[in-house]
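One file, coords16.cif, carrying mmCIF, C-alpha atoms (C1' of nucleotides):
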data_run
#
loop_
_atom_site.label_atom_id
_atom_site.label_comp_id
_atom_site.auth_asym_id
_atom_site.auth_seq_id
_atom_site.Cartn_x
_atom_site.Cartn_y
_atom_site.Cartn_z
CA MET A 474 -2.72 21.08 27.49
CA PRO A 475 -4.57 19.00 30.10
CA GLU A 476 -4.36 15.25 30.02
CA THR A 477 -7.61 13.57 29.13
CA ASN A 478 -8.81 10.47 30.86
CA LEU A 479 -8.08 8.48 27.73
CA GLU A 480 -4.55 9.76 27.73
CA LYS A 481 -4.00 8.72 31.31
CA GLN A 482 -5.07 5.19 30.47
CA ILE A 483 -2.70 5.07 27.54
CA ALA A 484 0.13 6.56 29.56
CA GLY A 485 -0.29 3.90 32.23
CA TRP A 486 -0.58 1.09 29.74
CA LEU A 487 2.59 2.12 27.94
CA GLN A 488 4.46 2.67 31.17
CA GLU A 489 3.75 -0.89 32.27
CA ARG A 490 5.34 -2.04 29.05
CA ASP A 491 8.31 0.29 29.18
CA ILE A 492 7.26 2.11 26.07
CA ARG A 493 7.68 5.84 26.19
CA LEU A 494 4.82 8.19 25.53
CA THR A 495 6.86 10.79 23.72
CA SER A 496 5.43 14.06 22.56
CA GLY A 497 5.03 12.80 19.00
CA ARG A 498 3.20 9.70 20.16
CA ARG A 499 1.05 11.77 22.47
CA THR A 500 0.12 14.07 19.62
CA ILE A 501 -0.89 11.06 17.54
CA VAL A 502 -3.09 9.37 20.13
CA ARG A 503 -4.61 12.71 21.01
CA SER A 504 -5.51 13.22 17.38
CA LEU A 505 -6.94 9.72 17.07
CA GLY A 506 -8.80 10.27 20.30
CA VAL A 507 -10.85 13.13 18.96
CA ALA A 508 -11.43 11.60 15.51
CA ASP A 509 -14.82 10.10 14.70
CA GLY A 510 -13.26 7.30 12.69
CA PRO A 511 -9.96 5.66 11.73
CA ARG A 512 -7.28 7.93 10.30
CA SER A 513 -4.43 7.26 7.90
CA ALA A 514 -0.83 8.38 8.26
CA SER A 515 -1.44 11.13 5.73
CA ASP A 516 -4.70 12.18 7.41
CA LEU A 517 -2.67 12.60 10.57
CA TYR A 518 0.11 14.34 8.71
CA ALA A 519 -2.41 16.82 7.40
CA SER A 520 -3.50 17.71 10.90
CA ILE A 521 -0.30 17.39 12.94
CA GLY A 522 2.39 17.44 10.25
CA ASP A 523 3.63 20.79 11.49
CA THR A 524 4.81 19.09 14.67
CA VAL A 525 5.42 15.47 13.69
CA PRO A 526 7.16 14.44 10.46
CA LEU A 527 5.58 11.77 8.29
CA SER A 528 8.30 9.22 8.91
CA SER A 529 7.79 9.55 12.64
CA ILE A 530 4.07 9.18 12.26
CA TYR A 531 4.54 5.89 10.45
CA ARG A 532 7.00 4.65 13.01
CA SER A 533 4.90 5.71 15.95
CA LEU A 534 1.83 4.09 14.47
CA ALA A 535 3.78 0.83 14.22
CA VAL A 536 4.95 1.09 17.82
CA LEU A 537 1.49 1.95 19.11
CA GLU A 538 -0.06 -0.89 17.14
CA GLU A 539 2.49 -3.34 18.46
CA ALA A 540 1.76 -2.07 21.96
CA GLY A 541 -1.95 -2.67 21.50
CA VAL A 542 -2.94 0.97 21.84
CA ILE A 543 -4.24 1.35 18.29
CA SER A 544 -5.60 -1.03 15.67
CA PRO A 545 -5.35 -0.92 11.91
CA HIS A 546 -8.38 -0.80 9.69
CA TYR A 547 -8.26 -1.89 6.07
CA SER A 548 -11.24 -0.96 4.00
CA THR A 549 -10.06 0.96 0.99
CA LYS A 550 -7.35 0.51 -1.55
CA GLY A 551 -3.78 1.21 -0.54
CA VAL A 552 -4.17 3.04 2.74
CA THR A 553 -4.14 1.79 6.29
CA ARG A 554 -6.17 3.74 8.80
CA TYR A 555 -5.75 3.50 12.56
CA GLU A 556 -8.02 4.01 15.52
CA LEU A 557 -7.63 3.67 19.26
CA ALA A 558 -7.93 0.02 20.26
CA GLU A 559 -11.19 -1.52 21.34
CA TRP A 560 -10.39 -1.40 25.06
CA LEU A 561 -10.09 2.37 24.73
CA MET A 562 -12.82 3.10 22.22
CA GLY A 563 -15.35 0.39 22.95
CA HIS A 564 -16.57 -2.05 20.34
CA HIS A 565 -18.09 -0.46 17.28
CA HIS A 566 -18.40 -0.80 13.52
CA HIS A 567 -17.76 1.33 10.47
CA LEU A 568 -19.42 3.18 7.66
CA VAL A 569 -17.14 3.14 4.64
CA CYS A 570 -17.67 5.53 1.76
CA VAL A 571 -17.08 3.66 -1.48
CA GLU A 572 -16.48 6.95 -3.24
CA CYS A 573 -13.95 8.88 -1.15
CA GLY A 574 -12.86 6.14 1.24
CA GLN A 575 -13.62 8.06 4.43
CA VAL A 576 -14.52 5.86 7.35
CA GLU A 577 -16.82 6.76 10.20
CA ASP A 578 -17.57 4.98 13.46
CA ILE A 579 -21.00 3.62 14.15
CA GLU A 580 -22.65 1.64 16.91
CA ILE A 581 -25.20 -1.05 16.30
CA ALA A 582 -28.01 -2.33 18.47
CA SER A 583 -26.70 -4.49 21.28
CA GLU A 584 -29.01 -7.38 20.46
CA ILE A 585 -27.46 -7.61 17.02
CA GLU A 586 -24.04 -7.34 18.54
CA THR A 587 -24.88 -10.29 20.74
CA GLN A 588 -26.00 -12.30 17.75
CA LEU A 589 -22.90 -11.47 15.81
CA GLU A 590 -20.82 -12.72 18.69
CA ALA A 591 -22.83 -15.92 18.78
CA ILE A 592 -22.13 -16.43 15.10
CA VAL A 593 -18.46 -15.83 15.51
CA GLU A 594 -18.48 -18.35 18.34
CA SER A 595 -20.20 -21.02 16.30
CA ILE A 596 -17.86 -20.50 13.37
CA GLY A 597 -15.00 -21.37 15.65
CA ARG A 598 -16.56 -24.73 16.38
CA GLU A 599 -17.61 -25.54 12.82
CA VAL A 600 -14.53 -24.75 10.82
CA SER A 601 -10.83 -25.00 11.52
CA PHE A 602 -10.43 -21.31 12.17
CA ALA A 603 -9.88 -19.61 15.52
CA PRO A 604 -11.96 -16.43 15.56
CA ARG A 605 -10.74 -13.53 17.59
CA ASP A 606 -12.84 -10.57 16.58
CA HIS A 607 -15.32 -9.44 13.99
CA ALA A 608 -15.75 -6.31 11.94
CA LEU A 609 -18.86 -5.12 10.17
CA ASN A 610 -18.34 -2.57 7.44
CA ILE A 611 -21.32 -0.85 5.95
CA GLU A 612 -20.41 0.37 2.51
CA GLY A 613 -22.16 3.23 0.80
CA LEU A 614 -21.96 6.93 0.09
CA CYS A 615 -21.09 9.43 2.78
CA SER A 616 -22.88 12.75 3.10
CA GLU A 617 -20.15 14.48 1.09
CA CYS A 618 -20.29 12.11 -1.85
CA LYS A 619 -23.99 11.41 -1.85
CA MET B 143 -11.31 -27.03 -21.59
CA PRO B 144 -15.11 -27.06 -21.26
CA GLU B 145 -16.94 -23.89 -20.38
CA THR B 146 -18.49 -23.90 -16.95
CA ASN B 147 -21.88 -22.47 -16.27
CA LEU B 148 -20.28 -19.56 -14.44
CA GLU B 149 -18.14 -18.83 -17.44
CA LYS B 150 -21.14 -18.74 -19.75
CA GLN B 151 -22.78 -16.15 -17.53
CA ILE B 152 -19.66 -14.02 -17.55
CA ALA B 153 -19.22 -14.41 -21.28
CA GLY B 154 -22.77 -13.24 -21.90
CA TRP B 155 -22.49 -10.35 -19.48
CA LEU B 156 -19.30 -9.09 -21.07
CA GLN B 157 -20.66 -9.55 -24.56
CA GLU B 158 -23.63 -7.33 -23.79
CA ARG B 159 -21.15 -4.65 -22.79
CA ASP B 160 -18.81 -5.14 -25.72
CA ILE B 161 -15.99 -6.23 -23.50
CA ARG B 162 -14.02 -9.15 -24.83
CA LEU B 163 -13.42 -12.26 -22.83
CA THR B 164 -9.86 -12.82 -23.96
CA SER B 165 -7.88 -15.87 -22.99
CA GLY B 166 -6.05 -13.99 -20.24
CA ARG B 167 -9.30 -12.72 -18.78
CA ARG B 168 -10.84 -16.16 -19.08
CA THR B 169 -7.91 -17.68 -17.25
CA ILE B 170 -8.35 -15.14 -14.46
CA VAL B 171 -12.07 -15.59 -13.92
CA ARG B 172 -11.62 -19.34 -14.14
CA SER B 173 -9.01 -19.17 -11.43
CA LEU B 174 -11.19 -16.94 -9.26
CA GLY B 175 -14.11 -19.25 -9.91
CA VAL B 176 -12.47 -22.23 -8.31
CA ALA B 177 -10.91 -20.28 -5.42
CA ASP B 178 -12.50 -20.52 -1.99
CA GLY B 179 -11.80 -16.88 -1.24
CA PRO B 180 -10.56 -13.60 -2.73
CA ARG B 181 -7.19 -13.69 -4.51
CA SER B 182 -4.57 -11.03 -5.07
CA ALA B 183 -2.78 -10.23 -8.30
CA SER B 184 0.28 -12.05 -7.04
CA ASP B 185 -1.77 -15.02 -5.83
CA LEU B 186 -3.07 -15.26 -9.37
CA TYR B 187 0.37 -14.75 -10.80
CA ALA B 188 1.61 -17.67 -8.74
CA SER B 189 -1.01 -19.95 -10.23
CA ILE B 190 -1.38 -18.70 -13.79
CA GLY B 191 1.77 -16.61 -14.24
CA ASP B 192 3.09 -19.08 -16.76
CA THR B 193 0.33 -18.03 -19.13
CA VAL B 194 -0.54 -14.45 -18.09
CA PRO B 195 2.07 -11.80 -17.21
CA LEU B 196 1.62 -9.82 -14.01
CA SER B 197 0.99 -6.53 -15.79
CA SER B 198 -1.84 -8.14 -17.74
CA ILE B 199 -3.30 -9.58 -14.59
CA TYR B 200 -3.47 -6.13 -13.03
CA ARG B 201 -5.01 -4.63 -16.10
CA SER B 202 -7.50 -7.41 -16.57
CA LEU B 203 -8.54 -7.18 -12.94
CA ALA B 204 -9.22 -3.48 -13.45
CA VAL B 205 -11.29 -4.18 -16.56
CA LEU B 206 -13.24 -6.95 -14.90
CA GLU B 207 -13.88 -4.85 -11.81
CA GLU B 208 -15.10 -1.96 -13.93
CA ALA B 209 -17.34 -4.38 -15.79
CA GLY B 210 -18.85 -5.60 -12.53
CA VAL B 211 -17.63 -9.16 -12.91
CA ILE B 212 -15.32 -9.10 -9.91
CA SER B 213 -15.14 -7.07 -6.69
CA PRO B 214 -12.17 -5.97 -4.62
CA HIS B 215 -11.70 -6.98 -1.04
CA TYR B 216 -9.50 -5.04 1.37
CA SER B 217 -8.68 -6.76 4.59
CA THR B 218 -4.94 -6.84 5.00
CA LYS B 219 -2.16 -4.37 4.58
CA GLY B 220 -1.11 -3.40 1.10
CA VAL B 221 -2.76 -6.01 -1.07
CA THR B 222 -6.08 -5.99 -2.86
CA ARG B 223 -7.78 -9.32 -3.36
CA TYR B 224 -10.55 -9.96 -5.85
CA GLU B 225 -13.42 -12.37 -6.04
CA LEU B 226 -16.23 -12.96 -8.49
CA ALA B 227 -19.00 -10.42 -7.93
CA GLU B 228 -21.95 -11.10 -5.69
CA TRP B 229 -24.37 -11.86 -8.56
CA LEU B 230 -22.05 -14.71 -9.56
CA MET B 231 -20.94 -15.95 -6.16
CA GLY B 232 -23.94 -15.20 -4.00
CA HIS B 233 -23.76 -13.10 -0.88
CA HIS B 234 -21.27 -14.32 1.69
CA HIS B 235 -18.75 -13.16 4.25
CA HIS B 236 -15.09 -13.72 5.04
CA LEU B 237 -12.73 -15.32 7.49
CA VAL B 238 -9.56 -13.26 7.59
CA CYS B 239 -6.37 -14.67 9.07
CA VAL B 240 -4.68 -11.95 11.09
CA GLU B 241 -1.40 -13.82 10.81
CA CYS B 242 -0.91 -14.66 7.13
CA GLY B 243 -3.68 -12.57 5.62
CA GLN B 244 -5.39 -15.38 3.74
CA VAL B 245 -9.10 -14.88 3.28
CA GLU B 246 -11.71 -17.58 3.06
CA ASP B 247 -15.38 -17.42 2.14
CA ILE B 248 -18.04 -18.26 4.66
CA GLU B 249 -21.81 -18.25 4.77
CA ILE B 250 -23.82 -17.19 7.76
CA ALA B 251 -27.28 -18.21 8.88
CA SER B 252 -29.96 -16.55 6.78
CA GLU B 253 -31.80 -15.18 9.80
CA ILE B 254 -28.71 -13.24 10.78
CA GLU B 255 -28.26 -12.11 7.23
CA THR B 256 -31.79 -10.76 7.33
CA GLN B 257 -31.07 -8.89 10.52
CA LEU B 258 -27.88 -7.43 9.15
CA GLU B 259 -29.84 -6.14 6.21
CA ALA B 260 -32.38 -4.61 8.54
CA ILE B 261 -29.59 -2.82 10.37
CA VAL B 262 -28.08 -1.52 7.19
CA GLU B 263 -31.51 -0.26 6.22
CA SER B 264 -32.05 1.56 9.46
CA ILE B 265 -28.64 3.17 9.34
CA GLY B 266 -29.64 4.75 6.07
CA ARG B 267 -32.54 6.45 7.78
CA GLU B 268 -30.71 7.51 10.92
CA VAL B 269 -27.51 9.01 9.61
CA SER B 270 -26.63 10.92 6.49
CA PHE B 271 -25.09 7.97 4.77
CA ALA B 272 -26.49 5.98 1.86
CA PRO B 273 -25.74 2.32 2.50
CA ARG B 274 -25.27 0.03 -0.42
CA ASP B 275 -23.83 -3.18 0.92
CA HIS B 276 -22.32 -4.69 4.02
CA ALA B 277 -19.34 -6.90 4.74
CA LEU B 278 -18.71 -8.97 7.81
CA ASN B 279 -15.11 -10.01 8.36
CA ILE B 280 -14.35 -12.54 11.04
CA GLU B 281 -10.76 -12.11 12.10
CA GLY B 282 -8.71 -14.85 13.66
CA LEU B 283 -6.17 -17.55 12.92
CA CYS B 284 -6.54 -19.90 9.97
CA SER B 285 -5.79 -23.60 10.24
CA GLU B 286 -2.26 -23.05 8.93
CA CYS B 287 -1.34 -20.36 11.45
CA LYS B 288 -3.24 -21.70 14.43
"C1'" DA C 1302 23.32 17.89 37.82
"C1'" DT C 1303 26.26 14.75 34.90
"C1'" DC C 1304 27.39 10.45 32.34
"C1'" DG C 1305 26.74 6.65 29.67
"C1'" DA C 1306 23.53 3.28 27.75
"C1'" DT C 1307 19.56 2.97 25.21
"C1'" DA C 1308 15.43 4.53 22.77
"C1'" DT C 1309 13.61 7.86 19.59
"C1'" DT C 1310 13.64 11.13 16.04
"C1'" DG C 1311 14.13 13.33 11.48
"C1'" DA C 1312 15.35 13.32 6.70
"C1'" DG C 1313 15.97 10.93 2.98
"C1'" DA C 1314 16.61 6.73 0.28
"C1'" DA C 1315 14.64 2.32 -0.72
"C1'" DT C 1316 10.82 -0.98 -1.37
"C1'" DC C 1317 6.43 -2.89 -2.49
"C1'" DA C 1318 1.99 -2.95 -4.63
"C1'" DT C 1319 -0.18 -0.79 -8.09
"C1'" DT C 1320 -1.04 2.34 -12.16
"C1'" DA C 1321 0.16 4.82 -16.35
"C1'" DT C 1322 2.69 5.03 -20.65
"C1'" DA C 1323 4.06 3.62 -25.02
"C1'" DA C 1324 5.16 0.23 -28.37
"C1'" DT C 1325 3.47 -3.91 -30.42
"C1'" DC C 1326 0.07 -7.35 -31.72
"C1'" DA C 1327 -4.53 -9.35 -33.30
"C1'" DC C 1328 -8.70 -8.91 -35.35
"C1'" DT C 1329 -12.15 -6.37 -38.04
"C1'" DT C 1330 -13.64 -3.30 -41.22
"C1'" DT C 1331 -12.88 -0.75 -45.25
"C1'" DA D 312 -3.73 -4.95 -48.02
"C1'" DA D 313 -4.33 -0.53 -45.32
"C1'" DA D 314 -6.49 1.51 -41.35
"C1'" DG D 315 -8.92 1.18 -36.93
"C1'" DT D 316 -9.98 -0.62 -32.60
"C1'" DG D 317 -9.04 -2.94 -28.68
"C1'" DA D 318 -5.73 -5.98 -26.11
"C1'" DT D 319 -1.19 -7.20 -24.67
"C1'" DT D 320 3.29 -6.51 -22.90
"C1'" DA D 321 7.48 -4.43 -21.13
"C1'" DT D 322 8.78 -0.62 -18.81
"C1'" DA D 323 8.57 3.75 -16.33
"C1'" DA D 324 6.22 6.18 -12.81
"C1'" DT D 325 3.49 6.70 -8.61
"C1'" DG D 326 1.94 6.52 -3.91
"C1'" DA D 327 1.99 4.37 0.45
"C1'" DT D 328 4.94 2.51 3.50
"C1'" DT D 329 9.43 0.89 5.47
"C1'" DC D 330 14.28 1.24 6.23
"C1'" DT D 331 18.78 3.49 7.30
"C1'" DC D 332 21.63 6.11 9.98
"C1'" DA D 333 23.37 10.14 12.10
"C1'" DA D 334 21.62 13.35 15.50
"C1'" DT D 335 18.93 13.93 19.69
"C1'" DA D 336 16.37 12.94 23.78
"C1'" DT D 337 15.44 10.14 27.85
"C1'" DC D 338 16.36 7.04 31.81
"C1'" DG D 339 18.96 5.13 35.55
"C1'" DA D 340 23.05 5.27 37.99
"C1'" DT D 341 26.50 8.07 39.90
#
Can you give me the file's structure in the form of structure tokens?
Amino acid sequence: MPETNLEKQIAGWLQERDIRLTSGRRTIVRSLGVADGPRSASDLYASIGDTVPLSSIYRSLAVLEEAGVISPHYSTKGVTRYELAEWLMGHHHHLVCVECGQVEDIEIASEIETQLEAIVESIGREVSFAPRDHALNIEGLCSECK
Amino acid sequence: MPETNLEKQIAGWLQERDIRLTSGRRTIVRSLGVADGPRSASDLYASIGDTVPLSSIYRSLAVLEEAGVISPHYSTKGVTRYELAEWLMGHHHHLVCVECGQVEDIEIASEIETQLEAIVESIGREVSFAPRDHALNIEGLCSECK
DNA sequence: ATCGATATTGAGAATCATTATAATCACTTT
DNA sequence: AAAGTGATTATAATGATTCTCAATATCGAT
């Protein structure tokens, strides 16, 4: 299987940090790379469980998160979903189905994005809180549940 | 203890639905009413556990959520936090500490709020997703962890 | 290519938050 | 007072996630 551009970036990034891109980890980032939204350990297990055991998936997700390659997303009860980090995916937001919990990526108009950033900035000055990032979740019913 | 205005609203709402506002439930909504952000079952247990057992807290939270008095908030791993529903609290957003997980309420400028609503609207037309609400989480370090 | 040090894996047990079950209690209604 | 209805509580069960540890794979030095 050919290495995608995304994969090369990740490979380099991990190499610089002396973290190995093993076949299990590669399978995971590859799977996240083609997903159109964050995926949970069991989502991943459903698609790559024939090659990577669940315990390894959990461990690899922790390693990749620690390394800054993926980021967690918490929007429904009980499960943590992961997606490739912002520097790999670009900044975006999420549609969250309140019925089935599925999460889908979405982009919003750049002028709004700019305003959101301005807000986040101003918050940092007003209150004793050091903002780092922001996340907009749009909650509703996905096409399946609608 | 005197009944607050908030409590009267909740009492009436529950009465209309034939759901009793028992002393445990009252203690919970009272506690959520004075909190400056969503609280988890164990947060609540820490503050009112001398009067309401943990299992009751969980069950009451489920009843109150079902009744539309409180809403869940998912922003950190593993725990669900609850807050009084929007019709009681007003619309607002959250500061989420990426270090300790504490969540604090925040209000944003109404012109931005209006724009967010416009975005949510337009999403509904563009993609096959029926938006219902939106949530903006500002992630960073709280004053404790900073 | 081989060796030894170190990192990773795989399988299962253990843990944590949460939910379901079942027995008991309180309050109404008969 | 007996019977119902809903609420409470202690406890068992569940599901997601983390931990443990022996087996395996990888890297750098030889």
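When all atoms listed in the file are used to measure the gap to chain B, the shortest distance among C:DA1318, C:DC1328, C:DC1304, C:DA1323 belongs to C:DA1318.
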Which of C:DC1317, C:DA1312, C:DT1330, C:DT1303 sits closest to chain B [using all atoms listed in the file]: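 Going through C:DC1317, C:DA1312, C:DT1330, C:DT1303 one by one, the smallest distance to chain B is for C:DC1317.
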Distance query range 556-571 of chain A at most 7 Å, all atoms listed in the file, self and fewer than 3 positions along chain excluded, as a ChimeraX atom specification: /A:505-506,510-512,541-545,574-580,608-615
Length of the CA of Leu487 in chain A to C1' of DT337 in chain D vector [Å]: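 The value is 15.1 Å.
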Exercise: residues within 9 Å of coordinate (-2.2, 9.3, 6.0), counting all atoms listed in the file, as an mmCIF file with C-alpha atoms (C1' of nucleotides), in the coordinates of the input:
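That gives us result.cif:
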data_model
loop_
_atom_site.group_PDB
_atom_site.id
_atom_site.type_symbol
_atom_site.label_atom_id
_atom_site.label_comp_id
_atom_site.auth_asym_id
_atom_site.auth_seq_id
_atom_site.Cartn_x
_atom_site.Cartn_y
_atom_site.Cartn_z
ATOM 1 C CA ARG A 512 -7.280 7.930 10.300
ATOM 2 C CA SER A 513 -4.430 7.260 7.900
ATOM 3 C CA ALA A 514 -0.830 8.380 8.260
ATOM 4 C CA SER A 515 -1.440 11.130 5.730
ATOM 5 C CA ASP A 516 -4.700 12.180 7.410
ATOM 6 C CA LEU A 517 -2.670 12.600 10.570
ATOM 7 C CA TYR A 518 0.110 14.340 8.710
ATOM 8 C CA ALA A 519 -2.410 16.820 7.400
ATOM 9 C CA LEU A 527 5.580 11.770 8.290
ATOM 10 C CA ILE A 530 4.070 9.180 12.260
ATOM 11 C CA TYR A 531 4.540 5.890 10.450
ATOM 12 C CA VAL A 552 -4.170 3.040 2.740
ATOM 13 C CA THR A 553 -4.140 1.790 6.290
ATOM 14 C CA ARG A 554 -6.170 3.740 8.800
ATOM 15 C "C1'" DA D 327 1.990 4.370 0.450
#
10 Å contacts from chain A to chain C using all atoms listed in the file, as a PyMOL selection string: chain A and resi 492-493+495+497+525-529+532-533+550-551
Explicit residue set for the PyMOL selection byres ((chain D) within 10 of (chain B)), as JSON, numbers by chain: {"D": [317, 318, 319, 320, 321, 327, 328]}
Length of the CA of Lys481 in chain A to CA of Thr500 in chain A vector [Å]: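 Separating CA of Lys481 in chain A from CA of Thr500 in chain A is a distance of 13.5 Å.
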Two-atom distance - CA of Arg490 in chain A, C1' of DG339 in chain D (Å):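 CA of Arg490 in chain A sits 16.7 Å away from C1' of DG339 in chain D.
Residues surrounding Leu258 in chain B within 10 Å are Ile581, Ile585, Leu589, Leu609 and Ile611 of chain A; Ser252, Glu253, Ile254, Glu255, Ile261, Val262, Glu263, Ser264, His276, Ala277 and Leu278 of chain B [only C-alpha atoms (C1' of nucleotides); sequence separation below 3 positions excluded].
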Answer as a VMD selection string, residues within 9 Å of (-12.3, -24.7, 7.3) using all atoms listed in the file: (chain A and resid 599 to 602) or (chain B and resid 246 284 to 285)
Save out the residues we just selected, C-alpha atoms, as an mmCIF file, in the frame of the given file.
data_model
loop_
_atom_site.group_PDB
_atom_site.id
_atom_site.type_symbol
_atom_site.label_atom_id
_atom_site.label_comp_id
_atom_site.auth_asym_id
_atom_site.auth_seq_id
_atom_site.Cartn_x
_atom_site.Cartn_y
_atom_site.Cartn_z
ATOM 1 C CA GLU A 599 -17.610 -25.540 12.820
ATOM 2 C CA VAL A 600 -14.530 -24.750 10.820
ATOM 3 C CA SER A 601 -10.830 -25.000 11.520
ATOM 4 C CA PHE A 602 -10.430 -21.310 12.170
ATOM 5 C CA GLU B 246 -11.710 -17.580 3.060
ATOM 6 C CA CYS B 284 -6.540 -19.900 9.970
ATOM 7 C CA SER B 285 -5.790 -23.600 10.240
#
Which of A:Glu590, A:Arg598, A:Arg503, A:Tyr547 sits closest to chain B [using only C-alpha atoms]: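 Closest to chain B of all the choices is A:Tyr547.
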